[in-house]
file target.cif (mmCIF, N, CA and C atoms)
data_start
loop_
_atom_site.label_atom_id
_atom_site.label_comp_id
_atom_site.auth_asym_id
_atom_site.auth_seq_id
_atom_site.Cartn_x
_atom_site.Cartn_y
_atom_site.Cartn_z
N SER A 12 -280.23 38.65 59.25
CA SER A 12 -281.16 38.85 58.14
C SER A 12 -282.57 38.54 58.61
N SER A 13 -283.56 39.04 57.87
CA SER A 13 -284.94 38.84 58.28
C SER A 13 -285.36 37.38 58.13
N SER A 14 -284.82 36.66 57.13
CA SER A 14 -285.22 35.26 56.98
C SER A 14 -284.70 34.42 58.13
N SER A 15 -283.51 34.70 58.63
CA SER A 15 -283.01 33.94 59.77
C SER A 15 -283.78 34.30 61.04
N ALA A 16 -284.22 35.56 61.16
CA ALA A 16 -285.04 35.96 62.31
C ALA A 16 -286.37 35.22 62.28
N ALA A 17 -286.98 35.14 61.10
CA ALA A 17 -288.24 34.40 60.97
C ALA A 17 -288.02 32.93 61.28
N SER A 18 -286.92 32.38 60.80
CA SER A 18 -286.60 30.99 61.07
C SER A 18 -286.47 30.75 62.58
N ASP A 19 -285.82 31.68 63.29
CA ASP A 19 -285.66 31.55 64.74
C ASP A 19 -287.01 31.56 65.45
N VAL A 20 -287.92 32.42 64.99
CA VAL A 20 -289.25 32.47 65.58
C VAL A 20 -289.96 31.14 65.38
N TYR A 21 -289.90 30.59 64.16
CA TYR A 21 -290.54 29.30 63.90
C TYR A 21 -289.93 28.21 64.76
N LYS A 22 -288.61 28.22 64.90
CA LYS A 22 -287.95 27.21 65.73
C LYS A 22 -288.45 27.28 67.17
N ARG A 23 -288.58 28.48 67.69
CA ARG A 23 -288.99 28.65 69.09
C ARG A 23 -290.47 28.39 69.29
N GLN A 24 -291.31 28.85 68.38
CA GLN A 24 -292.76 28.80 68.56
C GLN A 24 -293.39 27.51 68.02
N LEU A 25 -292.95 27.09 66.86
CA LEU A 25 -293.59 25.99 66.15
C LEU A 25 -293.02 24.63 66.54
N ARG A 26 -291.73 24.54 66.67
CA ARG A 26 -291.07 23.26 66.92
C ARG A 26 -291.62 22.54 68.15
N PRO A 27 -291.75 23.17 69.31
CA PRO A 27 -292.22 22.42 70.48
C PRO A 27 -293.62 21.81 70.28
N VAL A 28 -294.49 22.53 69.62
CA VAL A 28 -295.84 22.02 69.38
C VAL A 28 -295.80 20.84 68.43
N LEU A 29 -295.05 20.98 67.34
CA LEU A 29 -294.98 19.90 66.35
C LEU A 29 -294.30 18.65 66.89
N LEU A 30 -293.32 18.83 67.74
CA LEU A 30 -292.59 17.67 68.26
C LEU A 30 -293.45 16.78 69.16
N GLU A 31 -294.62 17.27 69.54
CA GLU A 31 -295.55 16.44 70.30
C GLU A 31 -296.19 15.37 69.41
N ALA A 32 -296.18 15.59 68.09
CA ALA A 32 -296.76 14.63 67.14
C ALA A 32 -295.81 13.46 66.93
N LYS A 33 -296.37 12.32 66.56
CA LYS A 33 -295.56 11.12 66.33
C LYS A 33 -294.64 11.29 65.13
N LYS A 34 -295.18 11.79 64.02
CA LYS A 34 -294.40 12.04 62.80
C LYS A 34 -294.68 13.47 62.36
N PRO A 35 -294.03 14.45 62.95
CA PRO A 35 -294.37 15.85 62.68
C PRO A 35 -294.08 16.27 61.24
N ILE A 36 -295.07 16.93 60.67
CA ILE A 36 -294.95 17.46 59.30
C ILE A 36 -295.79 18.73 59.18
N VAL A 37 -295.27 19.68 58.46
CA VAL A 37 -296.00 20.88 58.09
C VAL A 37 -296.26 20.77 56.60
N VAL A 38 -297.52 20.90 56.19
CA VAL A 38 -297.87 20.88 54.77
C VAL A 38 -298.46 22.25 54.42
N ASN A 39 -297.71 23.01 53.66
CA ASN A 39 -298.19 24.31 53.18
C ASN A 39 -298.97 24.08 51.89
N ILE A 40 -300.03 24.83 51.70
CA ILE A 40 -300.80 24.74 50.46
C ILE A 40 -300.40 25.95 49.60
N SER A 41 -299.84 25.65 48.46
CA SER A 41 -299.33 26.65 47.54
C SER A 41 -300.17 26.60 46.27
N SER A 42 -299.52 26.74 45.14
CA SER A 42 -300.17 26.67 43.83
C SER A 42 -299.07 26.58 42.79
N ILE A 43 -299.37 26.00 41.64
CA ILE A 43 -298.39 26.02 40.57
C ILE A 43 -298.14 27.44 40.09
N ALA A 44 -299.02 28.36 40.46
CA ALA A 44 -298.84 29.77 40.10
C ALA A 44 -297.55 30.33 40.70
N GLY A 45 -297.09 29.75 41.80
CA GLY A 45 -295.83 30.19 42.40
C GLY A 45 -294.63 29.90 41.53
N ARG A 46 -294.77 28.90 40.64
CA ARG A 46 -293.69 28.53 39.72
C ARG A 46 -293.94 29.02 38.31
N THR A 47 -295.20 29.04 37.89
CA THR A 47 -295.51 29.42 36.50
C THR A 47 -295.78 30.91 36.34
N ALA A 48 -296.08 31.59 37.43
CA ALA A 48 -296.45 33.01 37.41
C ALA A 48 -297.71 33.26 36.58
N VAL A 49 -298.56 32.24 36.48
CA VAL A 49 -299.85 32.36 35.80
C VAL A 49 -300.92 32.11 36.85
N GLY A 50 -301.68 33.15 37.14
CA GLY A 50 -302.72 33.03 38.14
C GLY A 50 -303.67 34.20 38.02
N SER A 51 -304.52 34.34 39.01
CA SER A 51 -305.55 35.38 38.93
C SER A 51 -304.97 36.79 38.97
N ASN A 52 -303.81 36.96 39.64
CA ASN A 52 -303.17 38.27 39.66
C ASN A 52 -301.72 38.14 40.13
N VAL A 53 -300.98 39.21 40.02
CA VAL A 53 -299.56 39.21 40.37
C VAL A 53 -299.36 38.89 41.85
N ALA A 54 -300.17 39.49 42.71
CA ALA A 54 -300.02 39.26 44.15
C ALA A 54 -300.25 37.79 44.51
N TYR A 55 -301.23 37.16 43.87
CA TYR A 55 -301.49 35.74 44.12
C TYR A 55 -300.27 34.91 43.76
N CYS A 56 -299.73 35.12 42.58
CA CYS A 56 -298.55 34.36 42.13
C CYS A 56 -297.36 34.60 43.07
N ALA A 57 -297.14 35.84 43.44
CA ALA A 57 -296.02 36.17 44.32
C ALA A 57 -296.20 35.53 45.70
N SER A 58 -297.41 35.53 46.22
CA SER A 58 -297.65 34.94 47.54
C SER A 58 -297.43 33.43 47.52
N LYS A 59 -297.77 32.78 46.43
CA LYS A 59 -297.56 31.33 46.33
C LYS A 59 -296.07 31.02 46.19
N ALA A 60 -295.33 31.85 45.48
CA ALA A 60 -293.88 31.68 45.40
C ALA A 60 -293.26 31.87 46.78
N ALA A 61 -293.79 32.80 47.55
CA ALA A 61 -293.29 33.04 48.91
C ALA A 61 -293.55 31.82 49.80
N ILE A 62 -294.71 31.20 49.65
CA ILE A 62 -295.00 29.99 50.43
C ILE A 62 -294.00 28.89 50.09
N ASP A 63 -293.68 28.74 48.81
CA ASP A 63 -292.72 27.72 48.40
C ASP A 63 -291.33 28.01 48.97
N SER A 64 -290.94 29.27 48.99
CA SER A 64 -289.65 29.66 49.57
C SER A 64 -289.65 29.41 51.07
N LEU A 65 -290.75 29.75 51.74
CA LEU A 65 -290.89 29.48 53.16
C LEU A 65 -290.77 27.99 53.45
N THR A 66 -291.37 27.18 52.59
CA THR A 66 -291.31 25.73 52.74
C THR A 66 -289.86 25.25 52.72
N MET A 67 -289.09 25.76 51.77
CA MET A 67 -287.69 25.35 51.68
C MET A 67 -286.90 25.82 52.89
N SER A 68 -287.12 27.06 53.30
CA SER A 68 -286.39 27.60 54.45
C SER A 68 -286.73 26.85 55.73
N LEU A 69 -288.03 26.60 55.95
CA LEU A 69 -288.42 25.86 57.15
C LEU A 69 -287.99 24.40 57.08
N GLY A 70 -287.98 23.83 55.88
CA GLY A 70 -287.50 22.46 55.73
C GLY A 70 -286.08 22.32 56.25
N ARG A 71 -285.28 23.32 55.97
CA ARG A 71 -283.90 23.35 56.45
C ARG A 71 -283.85 23.63 57.95
N ALA A 72 -284.61 24.62 58.41
CA ALA A 72 -284.55 25.06 59.80
C ALA A 72 -285.10 24.04 60.79
N LEU A 73 -286.12 23.30 60.39
CA LEU A 73 -286.77 22.38 61.32
C LEU A 73 -286.28 20.94 61.21
N ALA A 74 -285.42 20.65 60.24
CA ALA A 74 -284.87 19.30 60.10
C ALA A 74 -283.94 19.03 61.28
N PRO A 75 -283.75 17.83 61.65
CA PRO A 75 -284.20 16.60 61.01
C PRO A 75 -285.49 16.03 61.58
N LYS A 76 -286.03 16.63 62.63
CA LYS A 76 -287.17 16.02 63.31
C LYS A 76 -288.52 16.39 62.72
N ILE A 77 -288.61 17.54 62.03
CA ILE A 77 -289.88 18.00 61.48
C ILE A 77 -289.72 18.20 59.97
N ARG A 78 -290.60 17.56 59.21
CA ARG A 78 -290.59 17.74 57.76
C ARG A 78 -291.52 18.89 57.38
N VAL A 79 -291.15 19.60 56.32
CA VAL A 79 -291.97 20.70 55.81
C VAL A 79 -292.06 20.54 54.30
N VAL A 80 -293.27 20.48 53.78
CA VAL A 80 -293.48 20.33 52.35
C VAL A 80 -294.56 21.30 51.89
N SER A 81 -294.63 21.49 50.61
CA SER A 81 -295.66 22.34 50.02
C SER A 81 -296.41 21.53 48.96
N LEU A 82 -297.71 21.63 48.98
CA LEU A 82 -298.57 21.00 47.99
C LEU A 82 -299.03 22.10 47.05
N ALA A 83 -298.73 21.96 45.75
CA ALA A 83 -299.00 23.01 44.77
C ALA A 83 -300.01 22.53 43.73
N PRO A 84 -301.30 22.73 43.98
CA PRO A 84 -302.30 22.34 43.00
C PRO A 84 -302.32 23.28 41.79
N GLY A 85 -302.83 22.74 40.70
CA GLY A 85 -303.20 23.57 39.55
C GLY A 85 -304.66 23.96 39.75
N TRP A 86 -305.40 23.99 38.66
CA TRP A 86 -306.83 24.31 38.76
C TRP A 86 -307.54 23.26 39.62
N VAL A 87 -308.40 23.74 40.52
CA VAL A 87 -309.20 22.85 41.37
C VAL A 87 -310.67 23.25 41.21
N ASN A 88 -311.51 22.27 41.08
CA ASN A 88 -312.94 22.50 40.93
C ASN A 88 -313.54 22.83 42.30
N GLY A 89 -313.26 24.05 42.76
CA GLY A 89 -313.74 24.52 44.05
C GLY A 89 -314.93 25.44 43.91
N GLU A 90 -315.28 26.09 45.01
CA GLU A 90 -316.43 27.00 45.02
C GLU A 90 -316.32 28.09 43.97
N TYR A 91 -315.11 28.67 43.83
CA TYR A 91 -314.95 29.76 42.86
C TYR A 91 -315.23 29.30 41.43
N ALA A 92 -314.91 28.04 41.13
CA ALA A 92 -315.11 27.52 39.77
C ALA A 92 -316.60 27.44 39.42
N LYS A 93 -317.44 27.28 40.42
CA LYS A 93 -318.89 27.19 40.17
C LYS A 93 -319.46 28.50 39.65
N HIS A 94 -318.74 29.59 39.86
CA HIS A 94 -319.22 30.91 39.44
C HIS A 94 -318.64 31.35 38.09
N LEU A 95 -317.84 30.49 37.50
CA LEU A 95 -317.22 30.82 36.22
C LEU A 95 -318.03 30.18 35.08
N PRO A 96 -317.99 30.77 33.91
CA PRO A 96 -318.72 30.18 32.77
C PRO A 96 -318.21 28.76 32.46
N LYS A 97 -319.13 27.88 32.14
CA LYS A 97 -318.77 26.50 31.84
C LYS A 97 -317.77 26.41 30.68
N GLU A 98 -317.88 27.34 29.74
CA GLU A 98 -316.96 27.35 28.60
C GLU A 98 -315.53 27.62 29.07
N TYR A 99 -315.40 28.48 30.07
CA TYR A 99 -314.07 28.81 30.60
C TYR A 99 -313.47 27.59 31.31
N ILE A 100 -314.28 26.90 32.08
CA ILE A 100 -313.81 25.69 32.78
C ILE A 100 -313.40 24.64 31.75
N LYS A 101 -314.19 24.48 30.71
CA LYS A 101 -313.86 23.52 29.64
C LYS A 101 -312.53 23.89 28.99
N GLU A 102 -312.30 25.17 28.78
CA GLU A 102 -311.03 25.63 28.21
C GLU A 102 -309.86 25.25 29.13
N GLN A 103 -310.06 25.38 30.44
CA GLN A 103 -309.00 25.03 31.39
C GLN A 103 -308.75 23.52 31.38
N GLU A 104 -309.80 22.74 31.27
CA GLU A 104 -309.66 21.29 31.18
C GLU A 104 -308.89 20.90 29.92
N ASP A 105 -309.21 21.57 28.82
CA ASP A 105 -308.54 21.28 27.55
C ASP A 105 -307.06 21.66 27.58
N LYS A 106 -306.69 22.65 28.41
CA LYS A 106 -305.30 23.07 28.54
C LYS A 106 -304.51 22.18 29.50
N THR A 107 -305.17 21.24 30.14
CA THR A 107 -304.53 20.35 31.11
C THR A 107 -304.32 18.99 30.46
N PRO A 108 -303.07 18.53 30.35
CA PRO A 108 -302.80 17.28 29.67
C PRO A 108 -303.63 16.08 30.16
N LEU A 109 -303.99 16.02 31.43
CA LEU A 109 -304.80 14.90 31.90
C LEU A 109 -306.29 15.10 31.62
N GLY A 110 -306.66 16.22 30.96
CA GLY A 110 -308.00 16.41 30.43
C GLY A 110 -309.08 16.81 31.43
N ARG A 111 -308.69 17.21 32.61
CA ARG A 111 -309.68 17.68 33.58
C ARG A 111 -308.98 18.56 34.60
N ILE A 112 -309.76 19.26 35.40
CA ILE A 112 -309.17 19.98 36.52
C ILE A 112 -309.35 19.12 37.77
N ALA A 113 -308.56 19.38 38.77
CA ALA A 113 -308.57 18.56 39.98
C ALA A 113 -309.86 18.74 40.77
N GLU A 114 -310.20 17.71 41.46
CA GLU A 114 -311.28 17.76 42.45
C GLU A 114 -310.62 17.85 43.83
N ALA A 115 -311.37 18.28 44.82
CA ALA A 115 -310.83 18.38 46.18
C ALA A 115 -310.26 17.03 46.63
N GLU A 116 -310.89 15.96 46.22
CA GLU A 116 -310.43 14.61 46.57
C GLU A 116 -309.02 14.34 46.04
N ASP A 117 -308.71 14.83 44.85
CA ASP A 117 -307.36 14.67 44.29
C ASP A 117 -306.32 15.32 45.19
N ILE A 118 -306.64 16.50 45.68
CA ILE A 118 -305.71 17.23 46.53
C ILE A 118 -305.57 16.53 47.88
N GLY A 119 -306.68 16.07 48.43
CA GLY A 119 -306.66 15.34 49.70
C GLY A 119 -305.83 14.07 49.62
N LYS A 120 -306.01 13.32 48.53
CA LYS A 120 -305.24 12.08 48.36
C LYS A 120 -303.75 12.38 48.23
N ALA A 121 -303.43 13.45 47.53
CA ALA A 121 -302.02 13.83 47.39
C ALA A 121 -301.43 14.20 48.75
N LEU A 122 -302.18 14.94 49.53
CA LEU A 122 -301.71 15.35 50.85
C LEU A 122 -301.43 14.13 51.73
N VAL A 123 -302.35 13.17 51.74
CA VAL A 123 -302.16 11.96 52.54
C VAL A 123 -300.95 11.17 52.02
N ALA A 124 -300.82 11.05 50.71
CA ALA A 124 -299.68 10.31 50.14
C ALA A 124 -298.35 10.97 50.53
N ILE A 125 -298.29 12.28 50.45
CA ILE A 125 -297.07 13.00 50.81
C ILE A 125 -296.75 12.78 52.29
N ALA A 126 -297.75 12.94 53.14
CA ALA A 126 -297.53 12.83 54.58
C ALA A 126 -297.15 11.40 54.99
N GLU A 127 -297.77 10.41 54.36
CA GLU A 127 -297.56 9.04 54.80
C GLU A 127 -296.50 8.28 54.01
N SER A 128 -296.30 8.62 52.75
CA SER A 128 -295.40 7.83 51.91
C SER A 128 -294.10 8.51 51.54
N PHE A 129 -294.09 9.82 51.47
CA PHE A 129 -292.88 10.54 51.09
C PHE A 129 -292.12 10.97 52.35
N THR A 130 -291.78 9.98 53.17
CA THR A 130 -291.22 10.26 54.49
C THR A 130 -289.76 10.69 54.46
N PHE A 131 -289.13 10.67 53.30
CA PHE A 131 -287.75 11.14 53.20
C PHE A 131 -287.69 12.42 52.37
N SER A 132 -288.75 13.21 52.44
CA SER A 132 -288.82 14.48 51.71
C SER A 132 -289.07 15.61 52.67
N THR A 133 -288.32 16.69 52.50
CA THR A 133 -288.55 17.92 53.24
C THR A 133 -288.08 19.09 52.38
N GLY A 134 -288.71 20.23 52.56
CA GLY A 134 -288.35 21.41 51.76
C GLY A 134 -288.76 21.29 50.31
N CYS A 135 -289.67 20.38 50.01
CA CYS A 135 -290.07 20.08 48.63
C CYS A 135 -291.42 20.71 48.29
N VAL A 136 -291.59 21.00 47.01
CA VAL A 136 -292.86 21.48 46.49
C VAL A 136 -293.40 20.38 45.57
N PHE A 137 -294.56 19.84 45.93
CA PHE A 137 -295.16 18.76 45.16
C PHE A 137 -296.31 19.30 44.30
N PRO A 138 -296.14 19.30 42.97
CA PRO A 138 -297.23 19.76 42.11
C PRO A 138 -298.32 18.69 41.99
N VAL A 139 -299.55 19.14 41.99
CA VAL A 139 -300.72 18.27 41.75
C VAL A 139 -301.55 19.05 40.73
N ASP A 140 -301.13 18.96 39.46
CA ASP A 140 -301.62 19.91 38.47
C ASP A 140 -302.07 19.29 37.15
N GLY A 141 -302.14 17.97 37.08
CA GLY A 141 -302.58 17.33 35.84
C GLY A 141 -301.66 17.58 34.65
N GLY A 142 -300.45 18.05 34.93
CA GLY A 142 -299.49 18.35 33.86
C GLY A 142 -299.67 19.73 33.25
N ARG A 143 -300.40 20.57 33.90
CA ARG A 143 -300.74 21.89 33.34
C ARG A 143 -299.54 22.69 32.84
N PRO A 144 -298.40 22.75 33.55
CA PRO A 144 -297.27 23.54 33.04
C PRO A 144 -296.65 23.00 31.74
N LEU A 145 -297.07 21.82 31.34
CA LEU A 145 -296.52 21.22 30.11
C LEU A 145 -297.10 21.87 28.85
N THR A 146 -298.19 22.60 29.00
CA THR A 146 -298.84 23.20 27.83
C THR A 146 -298.36 24.60 27.58
#
call {"tool": "encode", "arguments": {"input": "target.cif", "output": "structure tokens"}}
result
Amino acid sequence: SSSSAASDVYKRQLRPVLLEAKKPIVVNISSIAGRTAVGSNVAYCASKAAIDSLTMSLGRALAPKIRVVSLAPGWVNGEYAKHLPKEYIKEQEDKTPLGRIAEAEDIGKALVAIAESFTFSTGCVFPVDGGRPLT
């Protein structure tokens, strides 16, 4: 199958490089759109779901020595957000149970926590979304 062929390529190409690290981990950046199917467009949502599936497949293929996880942010106050109307951003904040959208620092802290503290996790998708799917 094509997924096992891709897995074999990752095993051959990626594993030797990662095994040089003390605690090897791959962190894919996804989005809650991969699970909620709510995003800027269909292709975006589908691509994020594919990243999450890849994370699970590689988590299995590269275990036990290499961990693979996915970080799935919700709305992030990035460059693109600066070009959107303030009313629209406020609406997104109001739709998020924690009352704001994430800052880059929130995502960075989550990444460090996952890499350093969640050492018995692989093939997992970690949402960092302020509870957005709850609404």
call {"tool": "resolve_selection", "arguments": {"input": "target.cif", "expression": "the PyMOL selection byres (((chain A and resi 87 and name CA) around 12) and name CA)", "output": "mmCIF file with N, CA and C atoms, keeping the file's coordinate frame"}}
result
data_model
loop_
_atom_site.group_PDB
_atom_site.id
_atom_site.type_symbol
_atom_site.label_atom_id
_atom_site.label_comp_id
_atom_site.auth_asym_id
_atom_site.auth_seq_id
_atom_site.Cartn_x
_atom_site.Cartn_y
_atom_site.Cartn_z
ATOM 1 N N SER A 42 -299.520 26.740 45.140
ATOM 2 C CA SER A 42 -300.170 26.670 43.830
ATOM 3 C C SER A 42 -299.070 26.580 42.790
ATOM 4 N N ILE A 43 -299.370 26.000 41.640
ATOM 5 C CA ILE A 43 -298.390 26.020 40.570
ATOM 6 C C ILE A 43 -298.140 27.440 40.090
ATOM 7 N N ALA A 83 -298.730 21.960 45.750
ATOM 8 C CA ALA A 83 -299.000 23.010 44.770
ATOM 9 C C ALA A 83 -300.010 22.530 43.730
ATOM 10 N N PRO A 84 -301.300 22.730 43.980
ATOM 11 C CA PRO A 84 -302.300 22.340 43.000
ATOM 12 C C PRO A 84 -302.320 23.280 41.790
ATOM 13 N N GLY A 85 -302.830 22.740 40.700
ATOM 14 C CA GLY A 85 -303.200 23.570 39.550
ATOM 15 C C GLY A 85 -304.660 23.960 39.750
ATOM 16 N N TRP A 86 -305.400 23.990 38.660
ATOM 17 C CA TRP A 86 -306.830 24.310 38.760
ATOM 18 C C TRP A 86 -307.540 23.260 39.620
ATOM 19 N N ASN A 88 -311.510 22.270 41.080
ATOM 20 C CA ASN A 88 -312.940 22.500 40.930
ATOM 21 C C ASN A 88 -313.540 22.830 42.300
ATOM 22 N N GLY A 89 -313.260 24.050 42.760
ATOM 23 C CA GLY A 89 -313.740 24.520 44.050
ATOM 24 C C GLY A 89 -314.930 25.440 43.910
ATOM 25 N N GLU A 90 -315.280 26.090 45.010
ATOM 26 C CA GLU A 90 -316.430 27.000 45.020
ATOM 27 C C GLU A 90 -316.320 28.090 43.970
ATOM 28 N N TYR A 91 -315.110 28.670 43.830
ATOM 29 C CA TYR A 91 -314.950 29.760 42.860
ATOM 30 C C TYR A 91 -315.230 29.300 41.430
ATOM 31 N N ALA A 92 -314.910 28.040 41.130
ATOM 32 C CA ALA A 92 -315.110 27.520 39.770
ATOM 33 C C ALA A 92 -316.600 27.440 39.420
ATOM 34 N N LYS A 93 -317.440 27.280 40.420
ATOM 35 C CA LYS A 93 -318.890 27.190 40.170
ATOM 36 C C LYS A 93 -319.460 28.500 39.650
ATOM 37 N N ILE A 100 -314.280 26.900 32.080
ATOM 38 C CA ILE A 100 -313.810 25.690 32.780
ATOM 39 C C ILE A 100 -313.400 24.640 31.750
ATOM 40 N N GLN A 103 -310.060 25.380 30.440
ATOM 41 C CA GLN A 103 -309.000 25.030 31.390
ATOM 42 C C GLN A 103 -308.750 23.520 31.380
ATOM 43 N N GLU A 104 -309.800 22.740 31.270
ATOM 44 C CA GLU A 104 -309.660 21.290 31.180
ATOM 45 C C GLU A 104 -308.890 20.900 29.920
ATOM 46 N N THR A 107 -305.170 21.240 30.140
ATOM 47 C CA THR A 107 -304.530 20.350 31.110
ATOM 48 C C THR A 107 -304.320 18.990 30.460
ATOM 49 N N ARG A 111 -308.690 17.210 32.610
ATOM 50 C CA ARG A 111 -309.680 17.680 33.580
ATOM 51 C C ARG A 111 -308.980 18.560 34.600
ATOM 52 N N ILE A 112 -309.760 19.260 35.400
ATOM 53 C CA ILE A 112 -309.170 19.980 36.520
ATOM 54 C C ILE A 112 -309.350 19.120 37.770
ATOM 55 N N ALA A 113 -308.560 19.380 38.770
ATOM 56 C CA ALA A 113 -308.570 18.560 39.980
ATOM 57 C C ALA A 113 -309.860 18.740 40.770
ATOM 58 N N GLU A 114 -310.200 17.710 41.460
ATOM 59 C CA GLU A 114 -311.280 17.760 42.450
ATOM 60 C C GLU A 114 -310.620 17.850 43.830
ATOM 61 N N ALA A 115 -311.370 18.280 44.820
ATOM 62 C CA ALA A 115 -310.830 18.380 46.180
ATOM 63 C C ALA A 115 -310.260 17.030 46.630
ATOM 64 N N GLU A 116 -310.890 15.960 46.220
ATOM 65 C CA GLU A 116 -310.430 14.610 46.570
ATOM 66 C C GLU A 116 -309.020 14.340 46.040
ATOM 67 N N ASP A 117 -308.710 14.830 44.850
ATOM 68 C CA ASP A 117 -307.360 14.670 44.290
ATOM 69 C C ASP A 117 -306.320 15.320 45.190
ATOM 70 N N ILE A 118 -306.640 16.500 45.680
ATOM 71 C CA ILE A 118 -305.710 17.230 46.530
ATOM 72 C C ILE A 118 -305.570 16.530 47.880
ATOM 73 N N GLY A 119 -306.680 16.070 48.430
ATOM 74 C CA GLY A 119 -306.660 15.340 49.700
ATOM 75 C C GLY A 119 -305.830 14.070 49.620
ATOM 76 N N VAL A 139 -299.550 19.140 41.990
ATOM 77 C CA VAL A 139 -300.720 18.270 41.750
ATOM 78 C C VAL A 139 -301.550 19.050 40.730
ATOM 79 N N ASP A 140 -301.130 18.960 39.460
ATOM 80 C CA ASP A 140 -301.620 19.910 38.470
ATOM 81 C C ASP A 140 -302.070 19.290 37.150
ATOM 82 N N GLY A 141 -302.140 17.970 37.080
ATOM 83 C CA GLY A 141 -302.580 17.330 35.840
ATOM 84 C C GLY A 141 -301.660 17.580 34.650
ATOM 85 N N ARG A 143 -300.400 20.570 33.900
ATOM 86 C CA ARG A 143 -300.740 21.890 33.340
ATOM 87 C C ARG A 143 -299.540 22.690 32.840
#
call {"tool": "closest_residue", "arguments": {"input": "target.cif", "among": "A:Glu98, A:Val49, A:Thr133, A:Ile125", "to": "Ala74 of chain A", "atoms": "all atoms listed in the file"}}
result
A:Thr133
call {"tool": "residues_around", "arguments": {"input": "target.cif", "residues": "segment 53-57 of chain A", "least_positions_apart": "4", "cutoff": "5 Å", "atoms": "only N, CA and C atoms", "output": "NGL selection string"}}
result
:A and (44-45 or 61)
call {"tool": "write_last_selection", "arguments": {"input": "target.cif", "atoms": "N, CA and C atoms", "output": "short mmCIF file (atom, residue, chain, number, x, y, z; two decimals), in the coordinates of the input"}}
result
data_model
loop_
_atom_site.label_atom_id
_atom_site.label_comp_id
_atom_site.auth_asym_id
_atom_site.auth_seq_id
_atom_site.Cartn_x
_atom_site.Cartn_y
_atom_site.Cartn_z
N ALA A 44 -299.02 28.36 40.46
CA ALA A 44 -298.84 29.77 40.10
C ALA A 44 -297.55 30.33 40.70
N GLY A 45 -297.09 29.75 41.80
CA GLY A 45 -295.83 30.19 42.40
C GLY A 45 -294.63 29.90 41.53
N ALA A 61 -293.79 32.80 47.55
CA ALA A 61 -293.29 33.04 48.91
C ALA A 61 -293.55 31.82 49.80
#
call {"tool": "select_by_dssp", "arguments": {"input": "target.cif", "residues": "chain A", "states": "strand (DSSP E or B)", "output": "MDAnalysis selection string"}}
result
chainID A and resid 36:40 78:84 87 113 135:139
call {"tool": "closest_residue", "arguments": {"input": "target.cif", "among": "A:Pro144, A:Pro75, A:Pro96, A:Pro108", "to": "Thr130 of chain A", "atoms": "only C-alpha atoms"}}
result
A:Pro75
call {"tool": "resolve_selection", "arguments": {"input": "target.cif", "expression": "the PyMOL selection byres ((chain A and resi 77) around 6)", "output": "MDAnalysis selection string"}}
result
chainID A and resid 35:37 73:76 78:79
call {"tool": "atom_distance", "arguments": {"input": "target.cif", "atom1": "atom CA of Lys106 of chain A", "atom2": "atom CA of Gly134 of chain A"}}
result
28.8 Å
call {"tool": "select_by_dssp", "arguments": {"input": "target.cif", "residues": "chain A", "states": "helix (DSSP H, G or I)", "output": "ChimeraX atom specification"}}
result
/A:13-24,26-29,44-47,53-73,90-94,97-105,115-128,143-145
call {"tool": "atom_distance", "arguments": {"input": "target.cif", "atom1": "atom CA of Lys59 of chain A", "atom2": "atom C of Pro138 of chain A"}}
result
13.4 Å
call {"tool": "atom_distance", "arguments": {"input": "target.cif", "atom1": "atom CA of Thr146 of chain A", "atom2": "atom N of Thr47 of chain A"}}
result
12.2 Å
call {"tool": "closest_residue", "arguments": {"input": "target.cif", "among": "A:Leu69, A:Val80, A:Leu29, A:Leu122", "to": "Val136 of chain A", "atoms": "all atoms listed in the file"}}
result
A:Val80
